[in-house]
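As structure tokens, the structure follows; a few thoughts come after it.
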Amino acid sequence: SFRDDVVHGARHSTGPKHFTQVSHLIYMNNCLPNGCDVFPGEDDSLTQHSSIPQSNAHLAAWGYGQDSWNQLVQCVKDMYAPFDVQITDVDPGAGTPHFELMVAGNSSDIGVPGAGGVAPFVPCDGDLQDNVMTFVFASETNNPDYLCWAAAQETSHACGLDHELNAKNPMTYRSPPIKKPGFQNEDDKCGENQPRSCYCGGTPQNSYQYLMDTMGPAHLDPATLAITSPADASWVKP
């Protein structure tokens, strides 16, 4: 099974931003060729700062080759395919707001030994913070299904999702299946191994609907306008 940590970290001094104002871009960073340096502080993917490590940290680069990396990126794209979320493995640069997932190193590198991944805590006030950094520790396993599961879970924690008890959902700790079909459009109980109240209140969580409401659908038909009354060539009072 997959275990991760959700860490209560510092927030930007400027305050969080509403869902519709944050970036819909997730940058998957394999830290090639020389690994990644991460610095402690308020979460900011533009400067490689994270609220999770307590001191400067270094994560070893992805070590399983380009083909395996391409397959992982495509799997995460498939997970988010229904939603208005863009997945890239090309660095957007410091001038472009984005969420960042580092897929590299070991859990002990940033002080969370034993975790498959880690994400900072998201406040339950209806707002999200932009430029949040999350982590999946690729040096600990090369299983592509596990890594995809972990990647989807950590990045969606940054969007405000809790753990669920549905084994088909990447928000779960449960396995099998280790290959998760995707975010499930159904109400599921929150929890890791036993049901509990969801962190932000209530008992069920629909991760699919949450992401749809938060980020929007991947495709929207253009708006149209039609005049139904008065009909063409009809006479009406001024």
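Labeling convention for the structure tokens: chains A, B, ... as they appear, residues from 1 per chain, ligands from 1 in order of appearance.
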
Please identify all polymer residues within 9 Å of stretch 178-192 of chain A, counting only C-alpha atoms, omitting same-chain residues fewer than 5 positions from it, and present them as JSON, numbers by chain. {"A": [1, 2, 3, 78, 79, 80, 144, 145, 146, 148, 149, 152, 162, 163, 164, 165, 166, 167, 168, 169, 170, 171, 172, 173, 197, 198, 199, 202, 203, 204, 205, 206, 207, 208, 209, 211]}

Excluding same-chain residues fewer than 2 positions from A:Leu25, what lies within 7 Å of it counting only C-alpha atoms, as a list of chain:residue names? A:Ser23, A:Tyr27, A:Val85, A:Gln86, A:Ile87, A:His98, A:Phe99

Output the selection as an mmCIF file, in the first residue's frame - all heavy atoms for each residue.
data_model
loop_
_atom_site.group_PDB
_atom_site.id
_atom_site.type_symbol
_atom_site.label_atom_id
_atom_site.label_comp_id
_atom_site.auth_asym_id
_atom_site.auth_seq_id
_atom_site.Cartn_x
_atom_site.Cartn_y
_atom_site.Cartn_z
ATOM 1 N N SER A 23 -2.886 28.731 -10.537
ATOM 2 C CA SER A 23 -2.493 28.100 -11.788
ATOM 3 C C SER A 23 -3.149 26.731 -11.935
ATOM 4 O O SER A 23 -3.422 26.044 -10.953
ATOM 5 C CB SER A 23 -0.970 27.941 -11.820
ATOM 6 O OG SER A 23 -0.572 27.190 -12.943
ATOM 7 N N TYR A 27 3.859 21.005 -12.838
ATOM 8 C CA TYR A 27 5.167 20.680 -13.407
ATOM 9 C C TYR A 27 5.737 19.460 -12.704
ATOM 10 O O TYR A 27 5.985 19.475 -11.496
ATOM 11 C CB TYR A 27 6.103 21.874 -13.252
ATOM 12 C CG TYR A 27 7.558 21.601 -13.525
ATOM 13 C CD1 TYR A 27 7.971 20.806 -14.599
ATOM 14 C CD2 TYR A 27 8.551 22.152 -12.701
ATOM 15 C CE1 TYR A 27 9.321 20.565 -14.841
ATOM 16 C CE2 TYR A 27 9.893 21.926 -12.934
ATOM 17 C CZ TYR A 27 10.276 21.126 -13.999
ATOM 18 O OH TYR A 27 11.615 20.886 -14.238
ATOM 19 N N VAL A 85 -6.623 20.828 -16.132
ATOM 20 C CA VAL A 85 -5.321 20.779 -15.482
ATOM 21 C C VAL A 85 -4.302 20.359 -16.533
ATOM 22 O O VAL A 85 -4.512 19.370 -17.238
ATOM 23 C CB VAL A 85 -5.305 19.786 -14.303
ATOM 24 C CG1 VAL A 85 -3.901 19.658 -13.726
ATOM 25 C CG2 VAL A 85 -6.288 20.216 -13.229
ATOM 26 N N GLN A 86 -3.230 21.100 -16.641
ATOM 27 C CA GLN A 86 -2.182 20.784 -17.609
ATOM 28 C C GLN A 86 -0.988 20.179 -16.875
ATOM 29 O O GLN A 86 -0.525 20.731 -15.865
ATOM 30 C CB GLN A 86 -1.744 22.038 -18.368
ATOM 31 C CG GLN A 86 -2.797 22.612 -19.305
ATOM 32 C CD GLN A 86 -3.902 23.353 -18.568
ATOM 33 O OE1 GLN A 86 -3.626 24.232 -17.734
ATOM 34 N NE2 GLN A 86 -5.144 23.009 -18.840
ATOM 35 N N ILE A 87 -0.506 19.049 -17.396
ATOM 36 C CA ILE A 87 0.656 18.359 -16.839
ATOM 37 C C ILE A 87 1.825 18.559 -17.794
ATOM 38 O O ILE A 87 1.691 18.313 -18.997
ATOM 39 C CB ILE A 87 0.391 16.858 -16.652
ATOM 40 C CG1 ILE A 87 -0.888 16.616 -15.839
ATOM 41 C CG2 ILE A 87 1.593 16.188 -16.001
ATOM 42 C CD1 ILE A 87 -0.846 17.114 -14.427
ATOM 43 N N HIS A 98 2.960 27.948 -11.047
ATOM 44 C CA HIS A 98 2.692 26.517 -11.280
ATOM 45 C C HIS A 98 2.831 25.747 -9.974
ATOM 46 O O HIS A 98 3.561 26.144 -9.075
ATOM 47 C CB HIS A 98 3.667 25.938 -12.315
ATOM 48 C CG HIS A 98 5.112 26.024 -11.915
ATOM 49 N ND1 HIS A 98 5.887 27.136 -12.176
ATOM 50 C CD2 HIS A 98 5.920 25.145 -11.266
ATOM 51 C CE1 HIS A 98 7.117 26.930 -11.721
ATOM 52 N NE2 HIS A 98 7.163 25.734 -11.150
ATOM 53 N N PHE A 99 2.111 24.646 -9.897
ATOM 54 C CA PHE A 99 2.359 23.653 -8.864
ATOM 55 C C PHE A 99 3.523 22.782 -9.334
ATOM 56 O O PHE A 99 3.705 22.578 -10.527
ATOM 57 C CB PHE A 99 1.125 22.790 -8.630
ATOM 58 C CG PHE A 99 -0.037 23.540 -8.046
ATOM 59 C CD1 PHE A 99 -0.989 24.129 -8.864
ATOM 60 C CD2 PHE A 99 -0.179 23.670 -6.674
ATOM 61 C CE1 PHE A 99 -2.060 24.829 -8.334
ATOM 62 C CE2 PHE A 99 -1.247 24.362 -6.127
ATOM 63 C CZ PHE A 99 -2.188 24.945 -6.953
#

From the set A:Met28, A:Val136, A:Ala94, A:Cys159, which residue has the shortest atom-to-atom contact distance to A:Val112, counting only C-alpha atoms?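 When distances to A:Val112 are compared using only C-alpha atoms, the smallest one comes from A:Val136.
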
What are the nearest atom pairs, with distances in Å to one decimal, for all residues of stretch 34-87 of chain A that come at most 8 Å from stretch 217-227 of chain A, using only C-alpha atoms, set out by chain and rising residue number as CSV?
residue,atom,partner,partner_atom,distance
A:Ala81,CA,A:Ala218,CA,6.8
A:Pro82,CA,A:Ala218,CA,5.3
A:Phe83,CA,A:Ala218,CA,4.3
A:Asp84,CA,A:Ala218,CA,4.1
A:Val85,CA,A:Ala218,CA,7.1

Mind dumping the selected residues with N, CA and C atoms as a compact mmCIF listing (two decimals), in the first residue's frame?
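Generated output (part_5.txt):
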# COMPACT_ATOMS: atom_id res chain seq x y z
N ALA A 81 -7.05 13.89 -16.97
CA ALA A 81 -7.61 14.18 -18.29
C ALA A 81 -9.00 14.82 -18.26
N PRO A 82 -9.90 14.45 -17.33
CA PRO A 82 -11.24 15.07 -17.36
C PRO A 82 -11.26 16.54 -16.95
N PHE A 83 -10.17 17.04 -16.38
CA PHE A 83 -10.19 18.35 -15.73
C PHE A 83 -9.31 19.36 -16.46
N ASP A 84 -9.56 20.62 -16.18
CA ASP A 84 -8.77 21.70 -16.78
C ASP A 84 -7.46 21.85 -16.02
N VAL A 85 -6.62 20.83 -16.13
CA VAL A 85 -5.32 20.78 -15.48
C VAL A 85 -4.30 20.36 -16.53

For A:Glu100, list every protein, DNA or RNA residue within 6 Å, evaluated using only C-alpha atoms, and leave out those in the same chain fewer than 2 positions away; present the list as a ChimeraX atom specification. /A:26-27,45,133
